[in-house]
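Here is the file structure_36.txt (compact mmCIF, C-alpha atoms and all ligand atoms).
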# COMPACT_ATOMS: atom_id res chain seq x y z
CA MET A 2 107.49 259.15 121.20
CA SER A 3 110.46 261.52 120.70
CA GLU A 4 110.00 264.60 118.60
CA LYS A 5 112.25 263.12 115.93
CA THR A 6 110.32 259.89 115.40
CA GLU A 7 107.11 261.84 115.34
CA HIS A 8 108.50 263.86 112.48
CA GLU A 9 109.73 260.76 110.75
CA SER A 10 106.38 259.10 110.91
CA GLN A 11 104.73 262.21 109.53
CA ASP A 12 107.24 262.20 106.70
CA ASN A 13 106.38 258.59 106.00
CA ARG A 14 102.71 259.41 105.86
CA SER A 15 103.17 262.24 103.42
CA ALA A 16 105.41 260.07 101.23
CA GLY A 17 102.68 257.41 100.91
CA THR A 18 99.67 257.30 98.62
CA PRO A 19 96.06 257.65 99.75
CA ARG A 20 94.86 254.54 101.53
CA LEU A 21 92.26 252.79 99.41
CA ARG A 22 90.03 250.00 100.65
CA ALA A 23 91.58 246.60 100.04
CA ALA A 24 88.22 245.44 98.61
CA LEU A 25 88.93 247.49 95.47
CA GLU A 26 91.87 245.28 94.53
CA SER A 27 89.54 242.49 93.43
CA VAL A 28 87.12 244.69 91.50
CA PRO A 29 87.07 243.76 87.81
CA SER A 30 86.63 246.68 85.41
CA TYR A 31 83.47 247.03 83.34
CA LYS A 32 84.13 246.29 79.69
CA PRO A 33 81.88 248.36 77.47
CA GLY A 34 80.82 246.83 74.16
CA ARG A 35 83.18 247.75 71.34
CA PRO A 36 82.00 250.71 69.29
CA ALA A 37 81.25 250.26 65.61
CA ALA A 38 84.53 250.33 63.71
CA ALA A 39 85.40 253.79 62.40
CA GLY A 40 86.69 254.36 58.89
CA GLY A 41 86.26 251.26 56.70
CA PRO A 42 82.98 250.11 55.20
CA VAL A 43 79.65 250.50 57.02
CA SER A 44 79.95 249.15 60.52
CA TYR A 45 77.31 248.34 63.12
CA LYS A 46 77.48 248.06 66.89
CA LEU A 47 75.85 244.87 68.16
CA SER A 48 77.83 244.74 71.36
CA SER A 49 75.84 246.61 74.03
CA ASN A 50 72.20 245.58 73.57
CA GLU A 51 71.22 249.11 72.72
CA ASN A 52 68.12 250.05 70.79
CA PRO A 53 69.19 250.62 67.18
CA TYR A 54 66.37 253.10 66.51
CA PRO A 55 67.11 256.80 66.97
CA PRO A 56 64.99 258.70 69.52
CA LEU A 57 61.33 259.26 68.64
CA PRO A 58 60.69 262.86 67.55
CA GLY A 59 58.51 263.64 70.60
CA VAL A 60 61.11 262.27 73.00
CA LEU A 61 63.91 264.17 71.32
CA GLU A 62 61.83 267.33 71.52
CA SER A 63 61.29 266.97 75.27
CA VAL A 64 65.03 266.55 75.81
CA THR A 65 65.88 269.54 73.65
CA GLU A 66 63.42 271.60 75.60
CA ALA A 67 64.83 270.45 78.95
CA ALA A 68 68.33 271.27 77.71
CA ALA A 69 67.45 274.96 77.76
CA SER A 70 67.49 274.90 81.58
CA PHE A 71 70.41 272.66 82.43
CA ASN A 72 71.93 275.48 84.42
CA ARG A 73 69.39 274.36 87.07
CA TYR A 74 69.49 271.20 89.16
CA PRO A 75 66.90 268.59 88.21
CA ASP A 76 63.88 267.66 90.33
CA LEU A 77 65.51 265.72 93.18
CA ALA A 78 62.47 263.52 93.76
CA CYS A 79 61.81 262.78 90.06
CA SER A 80 58.17 263.53 90.92
CA ALA A 81 56.70 263.68 87.42
CA LEU A 82 58.42 260.46 86.39
CA LEU A 83 57.46 258.55 89.53
CA ALA A 84 53.84 259.75 89.22
CA GLU A 85 53.76 258.55 85.62
CA LEU A 86 55.26 255.17 86.60
CA ALA A 87 52.86 254.76 89.52
CA GLU A 88 49.95 255.11 87.17
CA ARG A 89 51.42 253.00 84.40
CA PHE A 90 52.25 250.08 86.70
CA ASP A 91 49.51 250.54 89.29
CA VAL A 92 51.88 250.80 92.26
CA PRO A 93 52.08 253.41 95.03
CA VAL A 94 54.63 256.19 94.48
CA SER A 95 56.18 255.17 97.81
CA HIS A 96 57.12 251.82 96.19
CA LEU A 97 59.09 253.49 93.41
CA ALA A 98 62.63 254.81 93.15
CA SER A 99 64.52 256.04 90.13
CA GLY A 100 68.26 256.04 89.67
CA THR A 101 71.16 256.53 87.28
CA GLY A 102 70.29 253.53 85.18
CA SER A 103 69.28 250.28 86.80
CA VAL A 104 72.96 249.59 87.42
CA GLY A 105 73.02 252.63 89.69
CA ILE A 106 70.02 251.31 91.58
CA ALA A 107 71.53 247.82 91.82
CA GLN A 108 74.58 249.36 93.44
CA GLN A 109 72.37 251.27 95.90
CA LEU A 110 70.61 248.00 96.77
CA ILE A 111 73.92 246.37 97.66
CA GLN A 112 74.98 249.46 99.56
CA SER A 113 71.73 249.19 101.50
CA THR A 114 72.04 245.51 102.36
CA ALA A 115 75.58 244.17 102.28
CA GLY A 116 79.13 244.89 103.40
CA PRO A 117 82.25 242.95 104.39
CA GLY A 118 81.36 239.51 105.70
CA ASP A 119 78.01 239.42 103.91
CA GLU A 120 77.23 237.39 100.81
CA VAL A 121 75.59 238.30 97.51
CA ILE A 122 74.42 235.45 95.29
CA TYR A 123 73.95 235.57 91.54
CA ALA A 124 74.11 233.22 88.58
CA TRP A 125 77.25 233.14 86.47
CA ARG A 126 77.69 233.98 83.72
CA SER A 127 75.25 236.82 84.10
CA PHE A 128 75.30 240.62 83.95
CA GLU A 129 78.88 241.76 84.32
CA ALA A 130 78.00 244.63 86.66
CA TYR A 131 77.08 242.20 89.49
CA PRO A 132 80.63 241.13 90.42
CA ILE A 133 81.83 244.73 90.18
CA ILE A 134 79.25 246.30 92.46
CA THR A 135 79.36 243.37 94.87
CA ARG A 136 83.13 243.55 95.29
CA ILE A 137 83.12 247.35 95.65
CA SER A 138 80.90 246.88 98.71
CA GLY A 139 83.37 244.45 100.26
CA ALA A 140 80.73 241.70 100.35
CA THR A 141 81.55 238.21 99.13
CA ALA A 142 80.27 237.25 95.69
CA VAL A 143 78.75 233.77 95.53
CA GLU A 144 78.54 232.83 91.86
CA VAL A 145 76.32 229.87 90.97
CA PRO A 146 77.05 228.40 87.51
CA LEU A 147 74.28 228.37 84.91
CA THR A 148 72.91 224.97 83.92
CA ALA A 149 74.03 223.28 80.69
CA ALA A 150 70.88 224.78 79.13
CA GLU A 151 72.18 228.30 79.98
CA GLU A 152 69.48 228.77 82.64
CA HIS A 153 69.69 230.00 86.21
CA ASP A 154 70.20 226.96 88.46
CA LEU A 155 67.63 228.16 90.98
CA ASP A 156 67.86 225.04 93.16
CA ALA A 157 71.61 225.49 93.50
CA MET A 158 71.12 229.20 94.17
CA ALA A 159 68.65 228.43 96.98
CA ASP A 160 71.07 225.82 98.34
CA ALA A 161 73.80 228.48 98.38
CA ILE A 162 71.89 230.70 100.83
CA THR A 163 73.57 230.97 104.23
CA GLU A 164 73.16 233.02 107.39
CA ARG A 165 75.29 235.65 105.68
CA THR A 166 73.29 236.01 102.48
CA ARG A 167 71.86 239.51 102.13
CA LEU A 168 70.94 239.90 98.47
CA ILE A 169 70.31 237.65 95.46
CA PHE A 170 70.26 238.89 91.87
CA VAL A 171 67.99 237.06 89.44
CA CYS A 172 68.55 238.31 85.90
CA ASN A 173 65.39 237.57 83.98
CA PRO A 174 65.90 237.14 81.08
CA ASN A 175 69.56 236.50 81.68
CA ASN A 176 72.23 238.67 80.14
CA PRO A 177 74.14 237.30 78.16
CA THR A 178 72.33 234.01 77.47
CA GLY A 179 68.83 235.44 76.89
CA VAL A 180 67.08 232.62 78.73
CA ALA A 181 64.08 233.56 80.89
CA ILE A 182 62.67 231.83 83.96
CA PRO A 183 59.10 230.46 83.93
CA ARG A 184 56.81 231.79 86.65
CA GLU A 185 56.40 228.50 88.55
CA GLU A 186 60.14 227.96 88.82
CA LEU A 187 60.68 231.51 89.99
CA GLU A 188 57.94 231.28 92.62
CA ARG A 189 59.24 227.94 93.88
CA PHE A 190 62.63 229.56 94.30
CA LEU A 191 61.22 232.65 96.03
CA ASP A 192 59.35 230.38 98.45
CA ARG A 193 62.71 228.96 99.52
CA VAL A 194 64.36 232.36 100.17
CA PRO A 195 64.21 233.57 103.79
CA ALA A 196 62.09 236.70 104.26
CA ASP A 197 65.09 238.75 105.38
CA VAL A 198 67.05 238.20 102.15
CA LEU A 199 66.38 240.70 99.35
CA VAL A 200 65.77 239.19 95.91
CA VAL A 201 66.40 241.60 93.04
CA LEU A 202 64.60 240.66 89.84
CA ASP A 203 66.60 242.44 87.15
CA GLU A 204 64.18 242.82 84.27
CA ALA A 205 66.19 245.08 81.95
CA TYR A 206 64.73 243.25 78.94
CA ARG A 207 61.17 242.71 80.17
CA GLU A 208 59.59 244.45 77.15
CA PHE A 209 61.15 241.87 74.81
CA VAL A 210 59.67 238.85 76.63
CA ARG A 211 57.09 236.98 74.56
CA ASP A 212 56.95 233.65 76.41
CA GLU A 213 53.75 233.76 78.42
CA ARG A 214 55.10 231.36 81.03
CA VAL A 215 57.50 234.11 82.15
CA ALA A 216 56.02 236.21 84.94
CA ASP A 217 56.09 239.97 85.10
CA GLY A 218 58.14 240.79 88.21
CA ILE A 219 55.78 243.62 89.09
CA ASP A 220 53.00 241.02 89.57
CA ILE A 221 55.35 238.92 91.69
CA TYR A 222 56.56 241.75 93.96
CA ARG A 223 53.05 242.72 95.13
CA ASP A 224 52.71 240.12 97.87
CA ARG A 225 56.43 239.54 98.44
CA PRO A 226 58.05 242.25 100.60
CA ASN A 227 61.55 240.87 99.97
CA VAL A 228 61.34 241.23 96.19
CA CYS A 229 62.60 244.30 94.33
CA VAL A 230 62.11 244.67 90.57
CA LEU A 231 64.60 246.61 88.45
CA ARG A 232 63.61 248.11 85.13
CA THR A 233 65.44 250.44 82.79
CA PHE A 234 64.79 252.96 80.06
CA SER A 235 68.10 251.99 78.42
CA LYS A 236 67.02 249.08 76.26
CA ALA A 237 63.47 248.91 74.87
CA TYR A 238 62.89 252.63 75.47
CA GLY A 239 66.13 253.63 73.77
CA LEU A 240 67.49 256.03 76.41
CA ALA A 241 70.79 254.26 77.21
CA GLY A 242 72.78 257.46 76.91
CA LEU A 243 70.61 259.38 79.37
CA ARG A 244 71.00 257.02 82.38
CA VAL A 245 67.63 256.40 83.96
CA GLY A 246 66.12 253.29 85.47
CA PHE A 247 63.71 252.51 88.28
CA ALA A 248 62.94 250.04 91.00
CA VAL A 249 59.65 248.77 92.37
CA ALA A 250 59.83 247.55 95.96
CA HIS A 251 57.95 247.68 99.22
CA GLU A 252 58.99 249.88 102.09
CA PRO A 253 61.56 249.88 103.63
CA VAL A 254 63.53 248.86 100.54
CA ALA A 255 62.19 251.73 98.44
CA ALA A 256 62.98 254.12 101.31
CA ALA A 257 66.55 252.80 101.44
CA LEU A 258 66.87 253.58 97.75
CA ARG A 259 65.77 257.15 98.32
CA LYS A 260 68.38 257.48 101.09
CA THR A 261 71.26 256.04 99.09
CA ALA A 262 70.60 257.90 95.84
CA VAL A 263 73.29 260.31 94.69
CA PRO A 264 71.51 263.66 95.00
CA PHE A 265 70.33 264.93 91.60
CA GLY A 266 71.77 261.85 89.87
CA VAL A 267 69.01 261.62 87.28
CA SER A 268 69.20 264.66 85.01
CA GLN A 269 66.12 266.62 84.00
CA LEU A 270 66.82 265.58 80.41
CA ALA A 271 66.60 261.95 81.46
CA GLN A 272 63.49 262.49 83.59
CA ASP A 273 61.65 264.35 80.83
CA ALA A 274 62.72 261.83 78.20
CA ALA A 275 61.48 258.96 80.37
CA VAL A 276 58.10 260.63 80.85
CA ALA A 277 57.83 261.36 77.12
CA SER A 278 58.79 257.73 76.38
CA LEU A 279 56.07 256.38 78.64
CA ARG A 280 53.60 258.63 76.82
CA SER A 281 54.89 257.37 73.45
CA GLU A 282 54.83 253.78 74.58
CA ALA A 283 52.72 252.51 71.70
CA ALA A 284 55.23 253.75 69.11
CA LEU A 285 58.17 252.40 71.11
CA LEU A 286 56.59 249.01 71.64
CA GLU A 287 56.00 248.74 67.91
CA ARG A 288 59.76 249.03 67.46
CA VAL A 289 60.27 246.45 70.15
CA GLY A 290 57.90 244.17 68.23
CA ALA A 291 60.01 244.58 65.09
CA LEU A 292 63.16 243.71 67.04
CA VAL A 293 61.47 240.63 68.48
CA GLU A 294 60.61 239.53 64.92
CA GLU A 295 64.22 239.99 63.95
CA ARG A 296 65.29 237.99 67.00
CA THR A 297 63.05 235.15 65.86
CA ARG A 298 64.40 235.32 62.33
CA VAL A 299 68.05 235.40 63.43
CA GLY A 300 67.49 232.47 65.82
CA ARG A 301 65.78 230.47 63.07
CA GLU A 302 68.55 231.10 60.56
CA LEU A 303 71.29 230.24 63.04
CA ARG A 304 69.56 226.99 63.99
CA ALA A 305 69.15 226.15 60.30
CA GLN A 306 72.93 226.55 60.01
CA GLY A 307 73.32 223.96 62.78
CA TRP A 308 74.02 226.20 65.77
CA THR A 309 72.60 225.52 69.22
CA VAL A 310 71.00 228.82 70.20
CA PRO A 311 69.28 229.20 73.57
CA GLU A 312 65.73 230.56 73.27
CA SER A 313 66.25 234.30 73.80
CA GLN A 314 63.59 236.47 75.39
CA ALA A 315 65.78 239.56 75.14
CA ASN A 316 67.22 241.75 72.35
CA PHE A 317 70.31 239.60 71.80
CA VAL A 318 71.34 236.04 71.10
CA TRP A 319 74.06 233.93 72.63
CA LEU A 320 76.45 231.54 70.93
CA ARG A 321 78.58 229.40 73.20
CA LEU A 322 81.81 229.19 71.22
CA GLY A 323 84.35 228.33 73.91
CA GLU A 324 87.88 228.64 72.56
CA ARG A 325 86.63 229.99 69.24
CA THR A 326 85.00 233.05 70.82
CA SER A 327 87.69 235.58 70.01
CA ALA A 328 88.09 234.29 66.45
CA PHE A 329 84.36 234.73 65.91
CA ALA A 330 84.36 238.24 67.36
CA GLU A 331 87.24 239.19 65.07
CA ALA A 332 85.55 237.71 62.01
CA ALA A 333 82.37 239.64 62.84
CA GLU A 334 84.26 242.88 63.23
CA ALA A 335 86.08 242.35 59.94
CA ALA A 336 82.69 241.84 58.29
CA GLY A 337 81.27 245.04 59.76
CA VAL A 338 79.58 244.21 63.08
CA THR A 339 81.07 244.47 66.56
CA VAL A 340 79.76 241.83 68.99
CA ARG A 341 80.39 241.21 72.67
CA GLY A 342 82.79 238.34 73.15
CA PHE A 343 83.41 236.76 76.56
CA ALA A 344 86.78 235.09 75.97
CA GLY A 345 86.68 231.33 76.30
CA GLU A 346 82.89 231.34 76.72
CA GLY A 347 80.85 232.78 73.90
CA VAL A 348 79.54 235.80 72.06
CA ARG A 349 76.50 237.89 72.78
CA VAL A 350 75.12 239.57 69.71
CA SER A 351 72.51 242.31 69.97
CA ILE A 352 69.61 242.37 67.57
CA GLY A 353 70.04 245.57 65.61
CA GLU A 354 69.28 246.96 62.18
CA THR A 355 68.21 244.29 59.67
CA ALA A 356 71.35 244.90 57.61
CA ALA A 357 73.50 244.37 60.70
CA ASN A 358 71.68 241.19 61.65
CA ASP A 359 72.20 239.92 58.10
CA ILE A 360 75.94 240.46 58.37
CA PHE A 361 76.02 238.56 61.66
CA VAL A 362 74.05 235.65 60.18
CA GLN A 363 76.46 235.53 57.22
CA VAL A 364 79.49 235.51 59.51
CA ALA A 365 77.93 232.69 61.50
CA ALA A 366 77.34 230.69 58.32
CA GLY A 367 80.93 231.12 57.19
CA PHE A 368 82.23 230.21 60.62
CA ARG A 369 80.04 227.12 60.76
CA LYS A 370 81.53 225.77 57.54
CA GLU A 371 85.04 226.04 58.96
CA MET A 372 84.16 224.16 62.16
C1 LIG A 401 71.64 246.71 80.22
C2 LIG A 401 71.31 246.09 81.52
C3 LIG A 401 70.90 246.86 82.60
C4 LIG A 401 70.62 248.31 82.40
O1 LIG A 401 71.56 249.12 82.77
P1 LIG A 401 71.26 250.68 82.87
O2 LIG A 401 72.15 251.05 83.97
O3 LIG A 401 69.82 250.86 83.22
O4 LIG A 401 71.61 251.24 81.55
C5 LIG A 401 70.60 246.26 83.79
N1 LIG A 401 70.66 244.94 83.93
C6 LIG A 401 71.00 244.15 82.90
C7 LIG A 401 70.98 242.70 83.08
C8 LIG A 401 71.35 244.71 81.68
O5 LIG A 401 71.72 243.92 80.68
Transcribe the structure of this file into structure tokens.
Amino acid sequence: MSEKTEHESQDNRSAGTPRLRAALESVPSYKPGRPAAAGGPVSYKLSSNENPYPPLPGVLESVTEAAASFNRYPDLACSALLAELAERFDVPVSHLASGTGSVGIAQQLIQSTAGPGDEVIYAWRSFEAYPIITRISGATAVEVPLTAAEEHDLDAMADAITERTRLIFVCNPNNPTGVAIPREELERFLDRVPADVLVVLDEAYREFVRDERVADGIDIYRDRPNVCVLRTFSKAYGLAGLRVGFAVAHEPVAAALRKTAVPFGVSQLAQDAAVASLRSEAALLERVGALVEERTRVGRELRAQGWTVPESQANFVWLRLGERTSAFAEAAEAAGVTVRGFAGEGVRVSIGETAANDIFVQVAAGFRKEM
């Protein structure tokens, strides 16, 4: 190469932009639920499945106290939290890992198992983070449509497994449809999954499950080394803004999670709040009970209006509205509640304050009459 062309090629390099991985081009962006409308009359946010109750006094106190030392890094190993979880769920500490929300852990699980050429299976529609974190890794997303009853099609998901499958997400209960999988069906599916494929049971809404046929993933994981259970403090425990979740899995999966964790990702505020929440569990679960009652009431009223509402085991309900989805979301917002619309598919509406749920039920009634 002559000196001149060498210079030219250097010029070309400096004129370019940083080279980004081609995999990023297909990554959809995460759409957060719309905030409650500002200004206007009272407005409620029913778009992100958050807990509508403010923090319990004891939990708030622990966070305020921890705030006094946020000039220091947090405990890297989250020791106090993991010790508390080990006791609460009767699992060894070595089977636990915490992370920046369960979404953070889900991303670490993909990072640990899959890359370009590998496949990740999940139901669709399901949690919108799955396609994002799968595509970031460069792995191929294999999306298996829900059944007409809004359930995971576990037979089709098992049929979709290939030599290249590395990880399967099972969202139980499913976000956004709310439908949960009975134990027998889940076990039959797990029996069909090869031992070298990781199955991630995403149980973000576990505390809201009341159907006794639905298994607790932590019971299921015990004698299944390829099962990892994800739980979060964001929903029932009301810590969405602090970003802390955890996984229960055998070695070496739990060890992989410790390796792939962003150092100091879980703040001391989040760790202390999670510990305080576990210690205040009775009070928190009482609130969860009230939300479950509201879920039952909302479902009953919607069905009385003539809607088909899948049986939700989570803190939200799903209305499949197809083309009318956006119109419904707009009508709800105009009435004072923001909901999560998935254009062309349906709306997911969180169970919130009673007054907010009432507004939603009224909007649904009005909409029904126009149909
Ligand atoms: C809300 C939610 C999570 C929790 O996310 P965090 O990162 O823990 O806040 C995980 N999975 C599903 C299916 C969810 O709906």
Counting all atoms listed in the file, give me one row per residue of chain A with an atom at most 8 Å from an atom of ligand LIG 401 (chain A), showing the shortest contact pair and its distance in Å to one decimal, sorted by chain then residue number, as a Markdown table.
| residue | atom | partner | partner_atom | distance |
| --- | --- | --- | --- | --- |
| A:Ser49 | CA | A:LIG401 | C1 | 7.5 |
| A:Asn50 | CA | A:LIG401 | C1 | 6.8 |
| A:Glu51 | CA | A:LIG401 | C1 | 7.9 |
| A:Thr101 | CA | A:LIG401 | O2 | 6.5 |
| A:Gly102 | CA | A:LIG401 | O2 | 3.3 |
| A:Ser103 | CA | A:LIG401 | O3 | 3.7 |
| A:Val104 | CA | A:LIG401 | O2 | 3.8 |
| A:Gly105 | CA | A:LIG401 | O2 | 6.0 |
| A:Ile106 | CA | A:LIG401 | O2 | 7.9 |
| A:Ser127 | CA | A:LIG401 | C7 | 7.3 |
| A:Phe128 | CA | A:LIG401 | C7 | 4.9 |
| A:Ala130 | CA | A:LIG401 | N1 | 7.8 |
| A:Cys172 | CA | A:LIG401 | C7 | 5.8 |
| A:Asn173 | CA | A:LIG401 | C7 | 7.6 |
| A:Pro174 | CA | A:LIG401 | C7 | 7.8 |
| A:Asn175 | CA | A:LIG401 | C7 | 6.5 |
| A:Asn176 | CA | A:LIG401 | C7 | 5.1 |
| A:Pro177 | CA | A:LIG401 | O5 | 7.5 |
| A:Asp203 | CA | A:LIG401 | N1 | 5.8 |
| A:Glu204 | CA | A:LIG401 | N1 | 6.8 |
| A:Ala205 | CA | A:LIG401 | N1 | 4.9 |
| A:Tyr206 | CA | A:LIG401 | O5 | 7.2 |
| A:Leu231 | CA | A:LIG401 | C5 | 7.6 |
| A:Arg232 | CA | A:LIG401 | O3 | 7.1 |
| A:Thr233 | CA | A:LIG401 | O3 | 4.4 |
| A:Phe234 | CA | A:LIG401 | O3 | 6.3 |
| A:Ser235 | CA | A:LIG401 | O4 | 4.8 |
| A:Lys236 | CA | A:LIG401 | C1 | 6.5 |
| A:Ala241 | CA | A:LIG401 | O4 | 5.4 |
| A:Gly242 | CA | A:LIG401 | O4 | 7.8 |
| A:Arg244 | CA | A:LIG401 | O4 | 5.9 |
| A:Val245 | CA | A:LIG401 | O3 | 6.0 |
| A:Gly246 | CA | A:LIG401 | O3 | 5.0 |
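Taking only C-alpha atoms into account, Leu97 in chain A lies nearest to A:Ala248 out of the set A:Ala161, A:Ala248, A:Leu199, A:Val215.
Ranking A:Asp154, A:Glu371, A:Asp273, A:Glu324 by their shortest atom-to-atom distance to Glu85 in chain A, with only C-alpha atoms included, puts A:Asp273 first.
Residue nearest Val276 in chain A within the list A:Leu240, A:Ala159, A:Ala315, A:Ala150: A:Leu240 [criterion: smallest interatomic distance, all atoms listed in the file].
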One number please: CA of Glu334 in chain A to CA of Val310 in chain A, in Å, one decimal. 20.5 Å
Which residue is closest to Trp308 in chain A? Choose from A:Ala365, A:Ala37, A:Cys79, A:Ala277 and count only C-alpha atoms. A:Ala365
Minimum-distance residue to Thr114 in chain A, chosen among A:Val348, A:Ala140, A:Val210, A:Val171 (using all atoms listed in the file): A:Ala140
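Comparing A:Ala284, A:Ala356, A:Leu82, A:Ala344 by their smallest distance to Arg126 in chain A, the closest is A:Ala344 (using only C-alpha atoms).
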Quick one: distance from CA of Gln108 in chain A to CA of Arg167 in chain A in Å, one decimal? 13.4 Å
Using the partial input, fill out range 187-201 of chain A with N, CA and C atoms; write the result as a PDB file, keeping the file's coordinate frame.
ATOM      1  N   LEU A 187      60.263 230.329  89.240  1.00  0.00           N
ATOM      2  CA  LEU A 187      60.680 231.510  89.990  1.00  0.00           C
ATOM      3  C   LEU A 187      59.974 231.543  91.354  1.00  0.00           C
ATOM      4  N   GLU A 188      58.691 231.228  91.360  1.00  0.00           N
ATOM      5  CA  GLU A 188      57.940 231.280  92.620  1.00  0.00           C
ATOM      6  C   GLU A 188      58.418 230.176  93.586  1.00  0.00           C
ATOM      7  N   ARG A 189      58.724 229.024  93.027  1.00  0.00           N
ATOM      8  CA  ARG A 189      59.240 227.940  93.880  1.00  0.00           C
ATOM      9  C   ARG A 189      60.542 228.376  94.537  1.00  0.00           C
ATOM     10  N   PHE A 190      61.376 229.051  93.767  1.00  0.00           N
ATOM     11  CA  PHE A 190      62.630 229.560  94.300  1.00  0.00           C
ATOM     12  C   PHE A 190      62.355 230.616  95.378  1.00  0.00           C
ATOM     13  N   LEU A 191      61.492 231.571  95.072  1.00  0.00           N
ATOM     14  CA  LEU A 191      61.220 232.650  96.030  1.00  0.00           C
ATOM     15  C   LEU A 191      60.657 232.092  97.334  1.00  0.00           C
ATOM     16  N   ASP A 192      59.892 231.013  97.237  1.00  0.00           N
ATOM     17  CA  ASP A 192      59.350 230.380  98.450  1.00  0.00           C
ATOM     18  C   ASP A 192      60.465 229.837  99.342  1.00  0.00           C
ATOM     19  N   ARG A 193      61.592 229.521  98.738  1.00  0.00           N
ATOM     20  CA  ARG A 193      62.710 228.960  99.520  1.00  0.00           C
ATOM     21  C   ARG A 193      63.617 230.031 100.120  1.00  0.00           C
ATOM     22  N   VAL A 194      63.460 231.292  99.688  1.00  0.00           N
ATOM     23  CA  VAL A 194      64.360 232.360 100.170  1.00  0.00           C
ATOM     24  C   VAL A 194      63.817 232.937 101.478  1.00  0.00           C
ATOM     25  N   PRO A 195      64.665 233.000 102.520  1.00  0.00           N
ATOM     26  CA  PRO A 195      64.210 233.570 103.790  1.00  0.00           C
ATOM     27  C   PRO A 195      63.694 235.002 103.600  1.00  0.00           C
ATOM     28  N   ALA A 196      62.736 235.394 104.413  1.00  0.00           N
ATOM     29  CA  ALA A 196      62.090 236.700 104.260  1.00  0.00           C
ATOM     30  C   ALA A 196      63.052 237.865 104.454  1.00  0.00           C
ATOM     31  N   ASP A 197      64.178 237.631 105.141  1.00  0.00           N
ATOM     32  CA  ASP A 197      65.090 238.750 105.380  1.00  0.00           C
ATOM     33  C   ASP A 197      66.198 238.870 104.331  1.00  0.00           C
ATOM     34  N   VAL A 198      66.084 238.092 103.249  1.00  0.00           N
ATOM     35  CA  VAL A 198      67.050 238.200 102.150  1.00  0.00           C
ATOM     36  C   VAL A 198      66.348 238.892 100.978  1.00  0.00           C
ATOM     37  N   LEU A 199      66.970 239.950 100.471  1.00  0.00           N
ATOM     38  CA  LEU A 199      66.380 240.700  99.350  1.00  0.00           C
ATOM     39  C   LEU A 199      66.652 239.989  98.024  1.00  0.00           C
ATOM     40  N   VAL A 200      65.606 239.760  97.253  1.00  0.00           N
ATOM     41  CA  VAL A 200      65.770 239.190  95.910  1.00  0.00           C
ATOM     42  C   VAL A 200      65.518 240.302  94.892  1.00  0.00           C
ATOM     43  N   VAL A 201      66.502 240.541  94.048  1.00  0.00           N
ATOM     44  CA  VAL A 201      66.400 241.600  93.040  1.00  0.00           C
ATOM     45  C   VAL A 201      66.125 240.951  91.687  1.00  0.00           C
TER      46      VAL A 201
END
